[in-house]
$ cat final16.txt   # compact mmCIF, C-alpha atoms
# COMPACT_ATOMS: atom_id res chain seq x y z
CA MET H 1 56.88 217.71 94.33
CA SER H 2 55.92 216.44 90.86
CA THR H 3 57.66 217.40 87.64
CA LEU H 4 54.56 219.31 86.54
CA GLN H 5 54.57 221.35 89.76
CA VAL H 6 58.30 222.20 89.36
CA SER H 7 57.73 223.33 85.79
CA LEU H 8 54.79 225.50 86.79
CA ARG H 9 56.82 227.01 89.63
CA GLU H 10 59.71 227.87 87.33
CA ALA H 11 57.33 229.33 84.78
CA SER H 12 55.92 231.68 87.40
CA MET H 13 59.42 232.65 88.70
CA PRO H 14 60.83 236.09 87.68
CA LYS H 15 63.49 236.04 84.90
CA SER H 16 66.23 237.44 87.17
CA ARG H 17 65.78 234.59 89.66
CA LYS H 18 65.78 232.06 86.79
CA ARG H 19 69.18 233.36 85.55
CA LYS H 20 70.70 233.19 89.05
CA ARG H 21 69.46 229.66 89.56
CA THR H 22 70.75 228.54 86.16
CA LYS H 23 74.26 229.87 86.94
CA SER H 24 74.18 228.27 90.38
CA GLN H 25 73.17 224.90 88.92
CA ALA H 26 75.92 225.10 86.26
CA SER H 27 78.53 225.89 88.91
CA ALA H 28 77.40 223.05 91.11
CA SER H 29 77.35 220.56 88.24
CA GLY H 30 80.97 221.44 87.33
CA ARG H 31 82.44 220.94 90.79
CA GLY H 32 82.90 217.23 90.37
CA ASN H 33 84.62 217.46 86.98
CA VAL H 34 88.41 217.02 86.76
CA ASN H 35 90.31 218.66 83.90
CA TRP H 36 92.97 216.15 82.81
CA GLY H 37 93.91 218.13 79.71
CA GLY H 38 96.86 220.42 79.05
CA GLY H 39 95.52 223.54 80.68
CA ALA H 40 97.49 226.36 82.30
CA SER H 41 98.78 224.19 85.12
CA SER H 42 100.02 221.55 82.66
CA GLY H 43 101.84 224.20 80.61
CA GLY H 44 103.52 225.54 83.73
CA VAL H 45 104.82 222.09 84.61
CA SER H 46 106.13 221.60 81.06
CA THR H 47 107.98 224.93 81.18
CA LYS H 48 109.56 224.01 84.51
CA LEU H 49 110.68 220.65 83.15
CA ILE H 50 112.24 222.32 80.10
CA LEU H 51 114.09 224.84 82.27
CA LEU H 52 115.31 222.07 84.57
CA GLY H 53 116.49 220.12 81.54
CA ILE H 54 118.41 223.12 80.19
CA ALA H 55 119.98 223.75 83.60
CA ALA H 56 121.02 220.10 83.82
CA LEU H 57 122.65 220.27 80.38
CA VAL H 58 124.55 223.42 81.37
CA VAL H 59 125.82 221.76 84.55
CA ILE H 60 126.82 218.60 82.68
CA GLY H 61 128.52 220.63 79.94
CA GLY H 62 130.40 222.73 82.47
CA GLY H 63 131.47 219.66 84.39
CA TYR H 64 132.70 217.98 81.22
CA TYR H 65 134.70 221.09 80.24
CA ILE H 66 136.35 221.20 83.68
CA TRP H 67 137.15 217.49 83.50
CA GLN H 68 138.53 217.82 79.97
CA THR H 69 140.72 220.80 80.97
CA ALA H 70 142.05 218.95 84.00
CA GLN H 71 142.78 215.91 81.84
CA ALA H 72 144.68 218.04 79.29
CA SER H 73 146.64 219.74 82.08
CA ARG H 74 147.68 216.40 83.57
CA GLU H 75 148.72 215.10 80.16
CA PHE H 76 150.80 218.24 79.54
CA THR H 77 152.50 217.99 82.94
CA THR H 78 153.40 214.37 82.27
CA LEU H 79 154.90 215.25 78.88
CA ALA H 80 156.85 218.17 80.35
CA GLY H 81 158.30 216.00 83.09
CA ALA H 82 159.40 213.40 80.56
CA GLY H 83 161.12 215.99 78.36
CA THR H 84 163.21 217.95 80.85
CA GLU H 85 166.51 216.61 79.47
CA SER H 86 165.78 218.30 76.15
CA LEU H 87 166.03 221.72 77.82
CA THR H 88 169.78 221.49 77.28
CA TRP H 89 169.02 222.04 73.57
CA ALA H 90 167.51 225.47 74.27
CA GLN H 91 169.56 228.52 73.30
CA THR H 92 169.94 231.69 75.34
CA LEU H 93 170.09 234.69 73.02
CA SER H 94 171.39 238.22 73.44
CA TYR H 95 169.22 241.04 74.72
CA ASP H 96 168.14 243.34 71.87
CA GLY H 97 166.07 245.87 73.82
CA ASP H 98 162.45 246.15 74.84
CA ARG H 99 161.18 249.58 73.80
CA HIS H 100 157.75 250.11 72.26
CA LEU H 101 157.63 251.12 68.63
CA GLY H 102 155.87 254.35 67.74
CA PRO H 103 152.72 254.54 65.57
CA GLY H 104 153.54 253.32 62.06
CA GLU H 105 157.16 252.59 62.96
CA ALA H 106 158.57 249.48 61.29
CA TYR H 107 161.36 247.32 62.62
CA ARG H 108 163.44 244.53 61.10
CA TYR H 109 164.78 241.91 63.48
CA ARG H 110 168.20 240.45 62.89
CA ASN H 111 167.00 236.84 63.14
CA ALA H 112 163.97 234.97 61.86
CA TYR H 113 162.68 234.02 65.31
CA PRO H 114 163.30 237.05 67.55
CA THR H 115 163.22 236.65 71.31
CA SER H 116 163.65 240.29 72.35
CA GLY H 117 163.93 243.75 70.84
CA PRO H 118 161.67 246.71 70.04
CA HIS H 119 158.08 245.64 69.64
CA ALA H 120 154.50 246.74 69.05
CA PRO H 121 152.61 248.40 71.93
CA VAL H 122 149.98 245.62 71.84
CA PRO H 123 151.02 241.96 72.19
CA THR H 124 149.65 239.13 70.08
CA ARG H 125 146.85 237.41 71.95
CA PRO H 126 147.30 233.75 72.97
CA GLY H 127 145.75 231.29 70.54
CA PHE H 128 146.26 229.13 67.48
CA TYR H 129 146.65 231.08 64.23
CA THR H 130 146.43 229.82 60.66
CA SER H 131 148.02 232.93 59.14
CA PRO H 132 151.43 234.42 60.07
CA GLN H 133 151.33 237.03 62.84
CA PRO H 134 153.47 240.23 62.86
CA PRO H 135 156.74 239.57 64.70
CA THR H 136 156.54 242.85 66.60
CA GLY H 137 153.38 241.68 68.37
CA LEU H 138 154.88 238.25 69.00
CA VAL H 139 157.95 239.73 70.69
CA HIS H 140 155.69 241.74 72.99
CA ALA H 141 153.90 238.50 73.87
CA LEU H 142 157.29 237.05 74.86
CA GLU H 143 157.99 240.05 77.08
CA HIS H 144 154.69 239.34 78.84
CA GLY H 145 155.86 235.81 79.62
CA GLY H 146 154.15 234.07 76.71
CA ILE H 147 155.50 231.29 74.52
CA VAL H 148 155.45 231.62 70.73
CA ILE H 149 155.50 228.43 68.66
CA TYR H 150 156.27 228.61 64.94
CA TYR H 151 155.03 225.60 62.97
CA GLY H 152 155.46 224.59 59.34
CA GLN H 153 153.80 221.75 57.45
CA ALA H 154 152.74 220.05 60.65
CA GLU H 155 150.87 216.77 60.74
CA ALA H 156 147.28 216.64 61.95
CA GLU H 157 148.33 215.18 65.29
CA THR H 158 150.79 218.03 65.84
CA ILE H 159 148.17 220.63 64.93
CA ALA H 160 145.73 219.06 67.38
CA LYS H 161 148.35 219.18 70.14
CA LEU H 162 149.19 222.84 69.46
CA LYS H 163 145.50 223.77 69.45
CA ASN H 164 145.09 221.97 72.74
CA TRP H 165 147.99 223.82 74.37
CA THR H 166 147.02 227.25 73.07
CA SER H 167 143.50 226.66 74.37
CA LEU H 168 144.81 225.47 77.72
CA TYR H 169 147.06 228.49 78.31
CA GLN H 170 145.26 231.74 77.53
CA GLY H 171 146.63 234.04 80.24
CA VAL H 172 147.84 237.56 79.49
CA TRP H 173 151.12 236.89 81.32
CA ASP H 174 151.60 233.19 80.58
CA GLY H 175 149.76 232.39 77.35
CA VAL H 176 150.82 230.30 74.36
CA VAL H 177 150.72 231.46 70.74
CA ALA H 178 151.07 229.17 67.72
CA THR H 179 151.64 230.80 64.32
CA PRO H 180 152.61 229.33 60.92
CA ARG H 181 155.95 230.04 59.29
CA SER H 182 156.95 229.13 55.74
CA GLY H 183 160.19 227.25 55.15
CA LEU H 184 160.02 225.16 58.32
CA GLY H 185 158.86 221.94 56.68
CA ASN H 186 158.00 219.54 59.50
CA GLY H 187 160.04 221.57 61.96
CA VAL H 188 158.88 223.57 64.96
CA VAL H 189 160.54 226.53 66.70
CA LEU H 190 159.60 227.50 70.25
CA THR H 191 160.53 230.89 71.67
CA ALA H 192 160.36 232.59 75.05
CA TRP H 193 161.98 235.85 76.15
CA ARG H 194 165.65 235.40 75.11
CA LYS H 195 165.14 231.63 74.78
CA ARG H 196 164.73 229.47 71.67
CA LEU H 197 164.35 225.77 70.97
CA GLN H 198 164.44 224.58 67.35
CA LEU H 199 163.21 221.07 66.52
CA ALA H 200 163.66 219.37 63.15
CA SER H 201 160.36 217.59 63.78
CA PHE H 202 157.75 218.01 66.46
CA ASP H 203 158.66 216.40 69.78
CA ALA H 204 155.77 216.72 72.23
CA LYS H 205 157.92 215.99 75.29
CA ALA H 206 160.62 218.52 74.39
CA ALA H 207 158.06 221.17 73.43
CA ALA H 208 156.06 220.70 76.63
CA ALA H 209 159.22 220.89 78.73
CA PHE H 210 160.23 224.18 77.08
CA ILE H 211 156.77 225.67 77.58
CA ASP H 212 156.64 224.58 81.20
CA ALA H 213 160.13 225.92 81.94
CA PHE H 214 159.66 229.43 80.54
CA ARG H 215 155.92 230.18 80.37
CA GLY H 216 154.87 232.98 82.73
CA ARG H 217 158.43 234.11 83.41
CA GLY H 218 158.75 237.15 81.18
CA PRO H 219 160.58 240.28 82.38
CA GLU H 220 157.52 242.52 82.49
CA LYS H 221 155.49 240.61 85.08
CA PRO H 222 156.61 237.10 86.11
CA VAL H 223 153.68 235.05 87.39
CA ARG H 224 155.33 231.65 87.89
$ encode --input "final16.txt" --output "structure tokens"
Amino acid sequence: MSTLQVSLREASMPKSRKRKRTKSQASASGRGNVNWGGGASSGGVSTKLILLGIAALVVIGGGYYIWQTAQASREFTTLAGAGTESLTWAQTLSYDGDRHLGPGEAYRYRNAYPTSGPHAPVPTRPGFYTSPQPPTGLVHALEHGGIVIYYGQAEAETIAKLKNWTSLYQGVWDGVVATPRSGLGNGVVLTAWRKRLQLASFDAKAAAAFIDAFRGRGPEKPVR
């Protein structure tokens, strides 16, 4: 059929049939085309890749945290084992009671670093503090089995070690608290329930041995 005949045939064709044929031709002509651009499917793949990347980072971060914690725990255990002889320096103090103070009730301890006695209803939470904490809360932490470390003008290395230990031991019944105390200079005082170790300067082995010996062994609920 010649081009002229096709044109004449289309001219005589009803408009509705022309529209259907035009749509059919357009559909057929597009079947062979491939869309290589960033359409919906490309965006979906990108989103999946981003989510997979985030998940991988979370897994890596979690794995690194576990490894770091295990490493710190091993280091602490090694220090504690090397400092056991220093436990002979620890003092055992008299029992001064364990009652809870009433609302608004004040209490003055007879020594600067109390290891027992009346105390606040709520214990000081484990952690490293840069401002002095009320002694009544600290004594309750000791009753729970915690260790309270008083530090003075400690060196950066000592501060880093204390932060590490307080982060490592966060349990309600076996946590570690570090709080500043004026007048200590470079000294450090470690306390447990009715136990105290005073060091003229920070000794990581002696401190770790004290913590390991008495942490988690308070009278209220021993867990070690």
$ residues_around --input "final16.txt" --residues "Thr136 (chain H)" --least-positions-apart "2" --cutoff "8 Å" --atoms "all atoms listed in the file" --output "VMD selection string"
chain H and resid 107 118 to 120 123 134 138 to 140
$ atom_distance --input "final16.txt" --atom1 "CA of Glu143 (chain H)" --atom2 "CA of Tyr113 (chain H)"
14.0 Å
$ closest_residue --input "final16.txt" --among "H:Ser201, H:Thr84, H:Thr124, H:Ser116" --to "Thr158 (chain H)" --atoms "all atoms listed in the file"
H:Ser201
$ residues_around --input "final16.txt" --residues "region 161-171 of chain H" --least-positions-apart "3" --cutoff "12 Å" --atoms "all atoms listed in the file" --output "PyMOL selection string"
chain H and resi 65-66+68-77+79+124-130+141+144-151+154-158+174-180+188+190+202-205+207-208+211-212+215-216+222-224
$ residues_around --input "final16.txt" --residues "Gln198 (chain H)" --least-positions-apart "5" --cutoff "9 Å" --atoms "all atoms listed in the file" --output "PyMOL selection string"
chain H and resi 89-91+187-191
$ closest_residue --input "final16.txt" --among "H:Ser46, H:Ser131, H:Ser94, H:Ser86" --to "Pro114 (chain H)" --atoms "only C-alpha atoms"
H:Ser94
$ closest_residue --input "final16.txt" --among "H:Gly63, H:Gly137, H:Gly218, H:Gly97" --to "Trp173 (chain H)" --atoms "only C-alpha atoms"
H:Gly218
$ atom_distance --input "final16.txt" --atom1 "CA of Leu101 (chain H)" --atom2 "CA of Arg194 (chain H)"
18.8 Å
$ atom_distance --input "final16.txt" --atom1 "CA of Leu87 (chain H)" --atom2 "CA of Leu197 (chain H)"
8.1 Å
$ axis_aligned_box --input "final16.txt" --around "region 199-218 of chain H" --padding-each-side "4 Å" --output "lines of an AutoDock Vina configuration file"
center_x = 159.3
center_y = 226.6
center_z = 73.3
size_x = 16.8
size_y = 29.2
size_z = 28.3
$ decode --input "final16.txt" --residues "region 195-215 of chain H" --atoms "N, CA and C atoms" --output "CSV table (one decimal), in the first residue's frame"
chain,number,residue,atom,x,y,z
H,195,LYS,N,34.7,-0.4,105.3
H,195,LYS,CA,36.1,-0.6,104.8
H,195,LYS,C,36.6,0.7,104.3
H,196,ARG,N,37.9,1.0,104.5
H,196,ARG,CA,38.5,2.2,103.9
H,196,ARG,C,40.0,2.0,103.6
H,197,LEU,N,40.4,2.6,102.5
H,197,LEU,CA,41.8,2.5,102.0
H,197,LEU,C,42.2,3.9,101.6
H,198,GLN,N,43.1,4.5,102.3
H,198,GLN,CA,43.6,5.9,102.0
H,198,GLN,C,45.0,5.8,101.4
H,199,LEU,N,45.1,6.5,100.2
H,199,LEU,CA,46.3,6.5,99.5
H,199,LEU,C,46.8,7.9,99.4
H,200,ALA,N,48.1,8.1,99.7
H,200,ALA,CA,48.7,9.5,99.6
H,200,ALA,C,48.8,9.9,98.1
H,201,SER,N,48.9,9.0,97.2
H,201,SER,CA,48.8,9.3,95.8
H,201,SER,C,48.1,8.1,95.1
H,202,PHE,N,47.6,8.3,94.0
H,202,PHE,CA,46.8,7.2,93.3
H,202,PHE,C,47.7,6.1,92.9
H,203,ASP,N,47.3,4.9,93.3
H,203,ASP,CA,48.0,3.6,93.0
H,203,ASP,C,46.9,2.7,92.3
H,204,ALA,N,47.0,2.6,91.0
H,204,ALA,CA,46.0,1.9,90.3
H,204,ALA,C,45.9,0.4,90.7
H,205,LYS,N,47.0,-0.2,91.1
H,205,LYS,CA,46.9,-1.6,91.5
H,205,LYS,C,46.2,-1.8,92.8
H,206,ALA,N,46.6,-0.9,93.8
H,206,ALA,CA,46.0,-1.0,95.1
H,206,ALA,C,44.5,-0.6,95.0
H,207,ALA,N,44.2,0.4,94.2
H,207,ALA,CA,42.8,0.8,94.1
H,207,ALA,C,41.9,-0.3,93.5
H,208,ALA,N,42.5,-0.9,92.4
H,208,ALA,CA,41.7,-2.0,91.7
H,208,ALA,C,41.5,-3.2,92.6
H,209,ALA,N,42.5,-3.5,93.4
H,209,ALA,CA,42.4,-4.6,94.4
H,209,ALA,C,41.4,-4.4,95.4
H,210,PHE,N,41.3,-3.1,95.9
H,210,PHE,CA,40.3,-2.8,96.9
H,210,PHE,C,38.9,-2.9,96.3
H,211,ILE,N,38.7,-2.3,95.1
H,211,ILE,CA,37.4,-2.4,94.4
H,211,ILE,C,37.0,-3.8,94.2
H,212,ASP,N,37.9,-4.7,93.7
H,212,ASP,CA,37.6,-6.0,93.4
H,212,ASP,C,37.3,-6.9,94.6
H,213,ALA,N,37.9,-6.5,95.8
H,213,ALA,CA,37.7,-7.3,97.0
H,213,ALA,C,36.3,-7.0,97.6
H,214,PHE,N,35.9,-5.8,97.5
H,214,PHE,CA,34.7,-5.4,98.3
H,214,PHE,C,33.4,-5.0,97.5
H,215,ARG,N,33.6,-4.8,96.2
H,215,ARG,CA,32.5,-4.4,95.3
H,215,ARG,C,31.5,-5.5,95.3
